[in-house]
Amino acid sequence: MTPQIAGRFSAQAEGRQLTIVFDDGGMNVLSTAALAELDGLIAALPSDLDLLILRSAREALFAAGADIREMSGFNAEDAERFSHLGQSVMESIARLPFLTLALIDGDCFGGALDLALAFDLRFATERSRFSHPGARLGIVTGFGGTSRWRDLLDRSAATDLFLANQIITSSDALRAGLVDSVVPAGGGEERDIIDCALRNSQWARRVKRLASVRQRLSPDSLLLLGQRLAELDLAESRHNRNSGTYGKT
């Protein structure tokens with residue numbers, strides 16, 4: 001895939017890794033137009049990717065969330081359409097068959113937090129901050145963040161974010177399970193993170209495939225499927241040893 005410019009998003013491919021960069025020239029708001037552009041990019045992704053990365057080009061800002069100015073002019077039908085669009089984009093990301101990674105540098109507020117929660121992994125810089133100010137504004141997020149936190153956060157952390165509207169630091173986010181790691185801004189660890197994700201991308205694909213069917217299979221069927229995946233991995237390891245590629249990345 002060649003680099004693409006879609007107004008607010010650019011996409012750069014490197015082998016089977018694709019990075020989407022968010023830059024609207026301002027606060028990186030998730031307006032209707034921005035969500036529609038992102039939806040189009042996600043729908044066009046090749047299925048054989050190993051890793052999808054989302055990052056921001058803005059200084060110390062991941063994204064500011066939904067476009068409150070736009071929302072202030074919504075009627076009931078507009079609000080419902082906007083909510084469905086946001087949920088569709090987040091669900092499309094969550095259902096991607098390959099590993100997804102949000103690289104967060106700076107403020108990640110409101111709908112941007114919903115967006116980050118749709119990714120498999122979240123890595124944040126030390127200067128990153130997280131907040132969900134919806135309750136203070138008299139609104140509830142329509143993008144699914146209030147459901148996805150249940151798989152990650154304890155109740156006290158979720159209360160701080162979604163009800164008390166507190167701004168939490170990256171270290172607090174790490175302790176709460178909101179992010180998977182915290183690294184210095186511009187410290188060079190980003191490449192190591194990406195390389196590690198790529199090395200584990202095939203296992204991640206298998207785990208996601210297993211998770212996608214867990215609601216439809218009985219416990220015995222899940223056990224058999226897990227055993228089969230383990231057998232396939234053992235066979236692959238033996239093949240790599242015999243072919244002289246064991247241990248190489």
# chains A, B, ... in the order shown; residues from 1 in each chain; ligands from 1

$ residues_around --residues "region 76-93 of chain A" --least-positions-apart "6" --cutoff "7 Å" --atoms "only C-alpha atoms" --output "list in words"
Thr32, Leu35, Asp39, Leu115, Ala118, Phe119, Gly142, Phe143 and Gly144 of chain A

$ write_last_selection --atoms "N, CA and C atoms" --output "mmCIF file, in the first residue's frame"
data_model
loop_
_atom_site.group_PDB
_atom_site.id
_atom_site.type_symbol
_atom_site.label_atom_id
_atom_site.label_comp_id
_atom_site.auth_asym_id
_atom_site.auth_seq_id
_atom_site.Cartn_x
_atom_site.Cartn_y
_atom_site.Cartn_z
ATOM 1 N N THR A 32 -17.668 14.217 12.682
ATOM 2 C CA THR A 32 -18.305 13.280 11.754
ATOM 3 C C THR A 32 -17.401 13.016 10.556
ATOM 4 N N LEU A 35 -14.362 10.820 11.620
ATOM 5 C CA LEU A 35 -14.754 9.423 11.813
ATOM 6 C C LEU A 35 -15.040 8.733 10.493
ATOM 7 N N ASP A 39 -13.081 5.548 9.160
ATOM 8 C CA ASP A 39 -13.875 4.369 8.802
ATOM 9 C C ASP A 39 -13.491 3.851 7.418
ATOM 10 N N LEU A 115 -11.471 5.621 21.442
ATOM 11 C CA LEU A 115 -10.718 5.131 20.286
ATOM 12 C C LEU A 115 -9.536 4.281 20.728
ATOM 13 N N ALA A 118 -10.269 0.743 21.770
ATOM 14 C CA ALA A 118 -10.615 -0.216 20.718
ATOM 15 C C ALA A 118 -9.404 -0.975 20.210
ATOM 16 N N PHE A 119 -8.201 -0.524 20.569
ATOM 17 C CA PHE A 119 -6.972 -1.174 20.120
ATOM 18 C C PHE A 119 -6.552 -2.269 21.092
ATOM 19 N N GLY A 142 -20.988 7.963 23.276
ATOM 20 C CA GLY A 142 -21.734 7.027 22.444
ATOM 21 C C GLY A 142 -20.846 6.117 21.637
ATOM 22 N N PHE A 143 -19.520 6.127 21.935
ATOM 23 C CA PHE A 143 -18.557 5.382 21.123
ATOM 24 C C PHE A 143 -18.178 4.024 21.706
ATOM 25 N N GLY A 144 -18.756 3.639 22.834
ATOM 26 C CA GLY A 144 -18.512 2.304 23.379
ATOM 27 C C GLY A 144 -17.459 2.221 24.458
#

$ closest_residue --among "A:Ile167, A:Leu52, A:Ala60, A:Gln12" --to "Gly26 (chain A)" --atoms "only C-alpha atoms"
A:Ala60

$ closest_residue --among "A:Ala64, A:Met71, A:Ala102, A:Ala34" --to "Leu18 (chain A)" --atoms "only C-alpha atoms"
A:Ala102

$ closest_residue --among "A:Ala13, A:Ala185, A:Leu103, A:Leu153" --to "Ala173 (chain A)" --atoms "only C-alpha atoms"
A:Leu153

$ residues_around --residues "Asn200 (chain A)" --least-positions-apart "2" --cutoff "12 Å" --atoms "only C-alpha atoms" --output "ChimeraX atom specification"
/A:50-51,98-100,193-198,202-207,249

$ select_by_dssp --residues "region 11-144 of chain A" --states "strand (DSSP E)" --output "MDAnalysis selection string"
chainID A and resid 11:14 17:22 29:30 51:56 61:63 65:66 99:104 107:109 121:125 129:131

$ write_last_selection --atoms "N, CA, C and O atoms" --output "compact mmCIF listing (two decimals), in the first residue's frame"
# COMPACT_ATOMS: atom_id res chain seq x y z
N ALA A 11 -1.62 7.41 5.85
CA ALA A 11 -1.29 6.01 6.10
C ALA A 11 0.01 5.66 5.39
O ALA A 11 0.18 5.94 4.20
N GLN A 12 0.94 5.07 6.15
CA GLN A 12 2.24 4.71 5.61
C GLN A 12 2.50 3.23 5.87
O GLN A 12 2.45 2.77 7.02
N ALA A 13 2.75 2.49 4.79
CA ALA A 13 3.02 1.06 4.90
C ALA A 13 4.52 0.80 4.96
O ALA A 13 5.31 1.46 4.29
N GLU A 14 4.90 -0.18 5.78
CA GLU A 14 6.28 -0.64 5.86
C GLU A 14 6.23 -2.16 5.98
O GLU A 14 6.04 -2.70 7.07
N GLN A 17 3.36 -3.90 8.04
CA GLN A 17 2.99 -2.98 9.11
C GLN A 17 2.44 -1.71 8.49
O GLN A 17 2.97 -1.20 7.52
N LEU A 18 1.33 -1.21 9.04
CA LEU A 18 0.73 0.02 8.53
C LEU A 18 0.53 0.99 9.69
O LEU A 18 -0.02 0.62 10.73
N THR A 19 0.97 2.22 9.49
CA THR A 19 0.80 3.26 10.50
C THR A 19 -0.16 4.32 9.99
O THR A 19 0.04 4.87 8.91
N ILE A 20 -1.19 4.59 10.77
CA ILE A 20 -2.13 5.68 10.48
C ILE A 20 -1.78 6.84 11.40
O ILE A 20 -1.70 6.67 12.63
N VAL A 21 -1.57 8.01 10.81
CA VAL A 21 -1.20 9.20 11.56
C VAL A 21 -2.35 10.19 11.52
O VAL A 21 -2.86 10.53 10.45
N PHE A 22 -2.76 10.65 12.70
CA PHE A 22 -3.89 11.57 12.84
C PHE A 22 -3.34 13.00 12.98
O PHE A 22 -2.56 13.29 13.89
N VAL A 29 -9.80 16.54 16.62
CA VAL A 29 -11.15 16.23 17.10
C VAL A 29 -11.78 15.14 16.23
O VAL A 29 -11.53 15.05 15.03
N LEU A 30 -12.59 14.33 16.88
CA LEU A 30 -13.27 13.24 16.18
C LEU A 30 -14.64 13.74 15.72
O LEU A 30 -15.68 13.42 16.30
N LEU A 51 0.47 -5.81 11.65
CA LEU A 51 0.35 -4.83 12.71
C LEU A 51 -0.22 -3.53 12.16
O LEU A 51 0.23 -3.02 11.13
N LEU A 52 -1.20 -2.97 12.87
CA LEU A 52 -1.74 -1.65 12.59
C LEU A 52 -1.41 -0.74 13.76
O LEU A 52 -1.66 -1.09 14.92
N ILE A 53 -0.86 0.43 13.46
CA ILE A 53 -0.48 1.41 14.48
C ILE A 53 -1.26 2.69 14.25
O ILE A 53 -1.43 3.13 13.11
N LEU A 54 -1.73 3.29 15.32
CA LEU A 54 -2.33 4.62 15.26
C LEU A 54 -1.53 5.55 16.14
O LEU A 54 -1.24 5.24 17.29
N ARG A 55 -1.18 6.70 15.60
CA ARG A 55 -0.45 7.71 16.35
C ARG A 55 -0.90 9.09 15.90
O ARG A 55 -1.60 9.23 14.89
N SER A 56 -0.47 10.10 16.62
CA SER A 56 -0.79 11.48 16.28
C SER A 56 0.47 12.19 15.81
O SER A 56 1.57 11.91 16.29
N LEU A 61 -0.16 15.71 21.95
CA LEU A 61 -1.60 15.55 21.84
C LEU A 61 -1.92 14.32 20.99
O LEU A 61 -1.54 14.25 19.83
N PHE A 62 -2.60 13.35 21.60
CA PHE A 62 -3.08 12.21 20.84
C PHE A 62 -4.36 12.61 20.11
O PHE A 62 -4.43 12.60 18.89
N ALA A 63 -5.38 12.98 20.86
CA ALA A 63 -6.63 13.50 20.27
C ALA A 63 -7.47 14.08 21.39
O ALA A 63 -7.37 13.68 22.56
N GLY A 65 -10.87 14.19 21.36
CA GLY A 65 -12.17 13.56 21.50
C GLY A 65 -13.18 14.07 20.49
O GLY A 65 -12.82 14.67 19.47
N ALA A 66 -14.44 13.84 20.78
CA ALA A 66 -15.51 14.23 19.86
C ALA A 66 -15.56 15.74 19.68
O ALA A 66 -15.12 16.50 20.55
N LEU A 99 -2.93 -7.70 14.90
CA LEU A 99 -2.60 -6.94 16.10
C LEU A 99 -2.71 -5.44 15.83
O LEU A 99 -2.28 -4.94 14.79
N THR A 100 -3.30 -4.71 16.80
CA THR A 100 -3.45 -3.26 16.67
C THR A 100 -2.81 -2.58 17.88
O THR A 100 -2.90 -3.09 19.01
N LEU A 101 -2.20 -1.43 17.64
CA LEU A 101 -1.42 -0.75 18.67
C LEU A 101 -1.64 0.75 18.59
O LEU A 101 -1.47 1.35 17.52
N ALA A 102 -2.04 1.36 19.70
CA ALA A 102 -2.18 2.81 19.79
C ALA A 102 -0.96 3.37 20.50
O ALA A 102 -0.67 2.98 21.64
N LEU A 103 -0.22 4.25 19.81
CA LEU A 103 0.93 4.94 20.41
C LEU A 103 0.46 6.31 20.85
O LEU A 103 0.17 7.18 20.02
N ILE A 104 0.36 6.51 22.15
CA ILE A 104 -0.26 7.72 22.71
C ILE A 104 0.83 8.62 23.28
O ILE A 104 1.56 8.22 24.19
N ASP A 107 -2.17 14.30 25.46
CA ASP A 107 -3.53 14.20 25.98
C ASP A 107 -4.40 13.27 25.14
O ASP A 107 -4.41 13.34 23.92
N CYS A 108 -5.12 12.41 25.84
CA CYS A 108 -6.04 11.45 25.22
C CYS A 108 -7.36 11.57 25.98
O CYS A 108 -7.55 10.93 27.02
N PHE A 109 -8.25 12.41 25.46
CA PHE A 109 -9.45 12.79 26.21
C PHE A 109 -10.72 12.36 25.48
O PHE A 109 -10.79 12.35 24.25
N LEU A 121 -3.45 -3.03 22.08
CA LEU A 121 -2.40 -2.56 22.97
C LEU A 121 -2.35 -1.05 22.96
O LEU A 121 -2.61 -0.41 21.94
N ARG A 122 -1.98 -0.47 24.12
CA ARG A 122 -1.84 0.98 24.24
C ARG A 122 -0.51 1.28 24.93
O ARG A 122 -0.28 0.79 26.06
N PHE A 123 0.34 2.03 24.26
CA PHE A 123 1.60 2.46 24.86
C PHE A 123 1.59 3.98 24.94
O PHE A 123 1.23 4.66 23.98
N ALA A 124 1.98 4.51 26.08
CA ALA A 124 1.89 5.95 26.32
C ALA A 124 3.25 6.50 26.73
O ALA A 124 4.06 5.81 27.36
N THR A 125 3.48 7.76 26.38
CA THR A 125 4.67 8.45 26.86
C THR A 125 4.42 8.98 28.27
O THR A 125 3.28 9.06 28.73
N ARG A 129 -1.73 12.11 29.25
CA ARG A 129 -2.78 12.23 30.25
C ARG A 129 -4.09 11.67 29.67
O ARG A 129 -4.30 11.72 28.46
N PHE A 130 -4.94 11.20 30.57
CA PHE A 130 -6.18 10.55 30.14
C PHE A 130 -7.35 11.11 30.93
O PHE A 130 -7.29 11.33 32.13
N SER A 131 -8.46 11.32 30.21
CA SER A 131 -9.66 11.85 30.86
C SER A 131 -10.87 11.55 29.99
O SER A 131 -10.75 11.37 28.78

$ closest_residue --among "A:Ala116, A:Asp160, A:Phe74, A:Asp172" --to "Ala94 (chain A)" --atoms "only C-alpha atoms"
A:Ala116

$ closest_residue --among "A:Asp120, A:Asp23, A:Asp48, A:Glu126" --to "Arg148 (chain A)" --atoms "only C-alpha atoms"
A:Asp120

$ select_by_dssp --residues "region 84-154 of chain A" --states "alpha helix (DSSP H)" --output "VMD selection string"
chain A and resid 84 to 94 111 to 117 134 to 137 145 to 148

$ residues_around --residues "Asp151 (chain A)" --least-positions-apart "5" --cutoff "10 Å" --atoms "only C-alpha atoms" --output "list of chain:residue names"
A:Leu117, A:Gly177, A:Leu178

$ decode --residues "region 91-171 of chain A" --atoms "C-alpha atoms" --output "compact mmCIF listing (two decimals), in the first residue's frame"
# COMPACT_ATOMS: atom_id res chain seq x y z
CA GLU A 91 -16.03 -1.92 16.58
CA SER A 92 -14.36 -2.25 13.17
CA ILE A 93 -10.99 -1.62 14.81
CA ALA A 94 -11.68 -4.01 17.68
CA ARG A 95 -12.64 -6.78 15.24
CA LEU A 96 -9.56 -6.53 13.01
CA PRO A 97 -7.92 -9.97 12.76
CA PHE A 98 -4.37 -8.67 13.22
CA LEU A 99 -2.60 -6.94 16.10
CA THR A 100 -3.45 -3.26 16.67
CA LEU A 101 -1.42 -0.75 18.67
CA ALA A 102 -2.18 2.81 19.79
CA LEU A 103 0.93 4.94 20.41
CA ILE A 104 -0.26 7.72 22.71
CA ASP A 105 1.87 10.80 23.23
CA GLY A 106 0.10 13.57 25.08
CA ASP A 107 -3.53 14.20 25.98
CA CYS A 108 -6.04 11.45 25.22
CA PHE A 109 -9.45 12.79 26.21
CA GLY A 110 -13.08 11.83 25.70
CA GLY A 111 -13.78 10.08 22.44
CA ALA A 112 -10.05 9.69 21.91
CA LEU A 113 -9.98 7.44 24.96
CA ASP A 114 -12.82 5.40 23.44
CA LEU A 115 -10.72 5.13 20.29
CA ALA A 116 -7.62 4.00 22.18
CA LEU A 117 -9.65 1.38 24.05
CA ALA A 118 -10.62 -0.22 20.72
CA PHE A 119 -6.97 -1.17 20.12
CA ASP A 120 -5.36 -4.35 21.41
CA LEU A 121 -2.40 -2.56 22.97
CA ARG A 122 -1.84 0.98 24.24
CA PHE A 123 1.60 2.46 24.86
CA ALA A 124 1.89 5.95 26.32
CA THR A 125 4.67 8.45 26.86
CA GLU A 126 5.38 9.82 30.31
CA ARG A 127 3.71 13.14 29.47
CA SER A 128 0.44 11.52 28.37
CA ARG A 129 -2.78 12.23 30.25
CA PHE A 130 -6.18 10.55 30.14
CA SER A 131 -9.66 11.85 30.86
CA HIS A 132 -13.29 11.34 29.92
CA PRO A 133 -15.15 14.60 30.68
CA GLY A 134 -18.55 13.54 29.34
CA ALA A 135 -20.38 13.52 32.68
CA ARG A 136 -19.18 17.05 33.44
CA LEU A 137 -20.54 18.17 30.06
CA GLY A 138 -23.85 16.42 30.64
CA ILE A 139 -23.31 13.73 28.01
CA VAL A 140 -22.46 10.04 27.93
CA THR A 141 -20.04 8.75 25.34
CA GLY A 142 -21.73 7.03 22.44
CA PHE A 143 -18.56 5.38 21.12
CA GLY A 144 -18.51 2.30 23.38
CA GLY A 145 -15.82 3.30 25.86
CA THR A 146 -18.10 2.74 28.84
CA SER A 147 -18.37 -0.92 27.78
CA ARG A 148 -14.77 -1.65 26.76
CA TRP A 149 -13.26 -0.46 30.03
CA ARG A 150 -14.77 -3.49 31.77
CA ASP A 151 -12.15 -5.77 30.20
CA LEU A 152 -9.28 -3.56 31.40
CA LEU A 153 -9.94 -1.32 34.39
CA ASP A 154 -10.93 -1.88 37.97
CA ARG A 155 -14.07 -0.10 39.10
CA SER A 156 -12.29 2.63 41.05
CA ALA A 157 -10.20 3.66 38.04
CA ALA A 158 -13.26 3.63 35.81
CA THR A 159 -15.11 5.81 38.33
CA ASP A 160 -12.25 8.33 38.32
CA LEU A 161 -12.35 8.52 34.53
CA PHE A 162 -16.00 8.24 33.59
CA LEU A 163 -17.85 9.64 36.62
CA ALA A 164 -15.46 11.88 38.55
CA ASN A 165 -13.96 13.24 35.32
CA GLN A 166 -10.47 13.16 36.77
CA ILE A 167 -7.41 13.61 34.59
CA ILE A 168 -5.02 10.75 35.29
CA THR A 169 -1.34 10.56 34.46
CA SER A 170 0.35 7.91 32.37
CA SER A 171 1.74 6.24 35.51
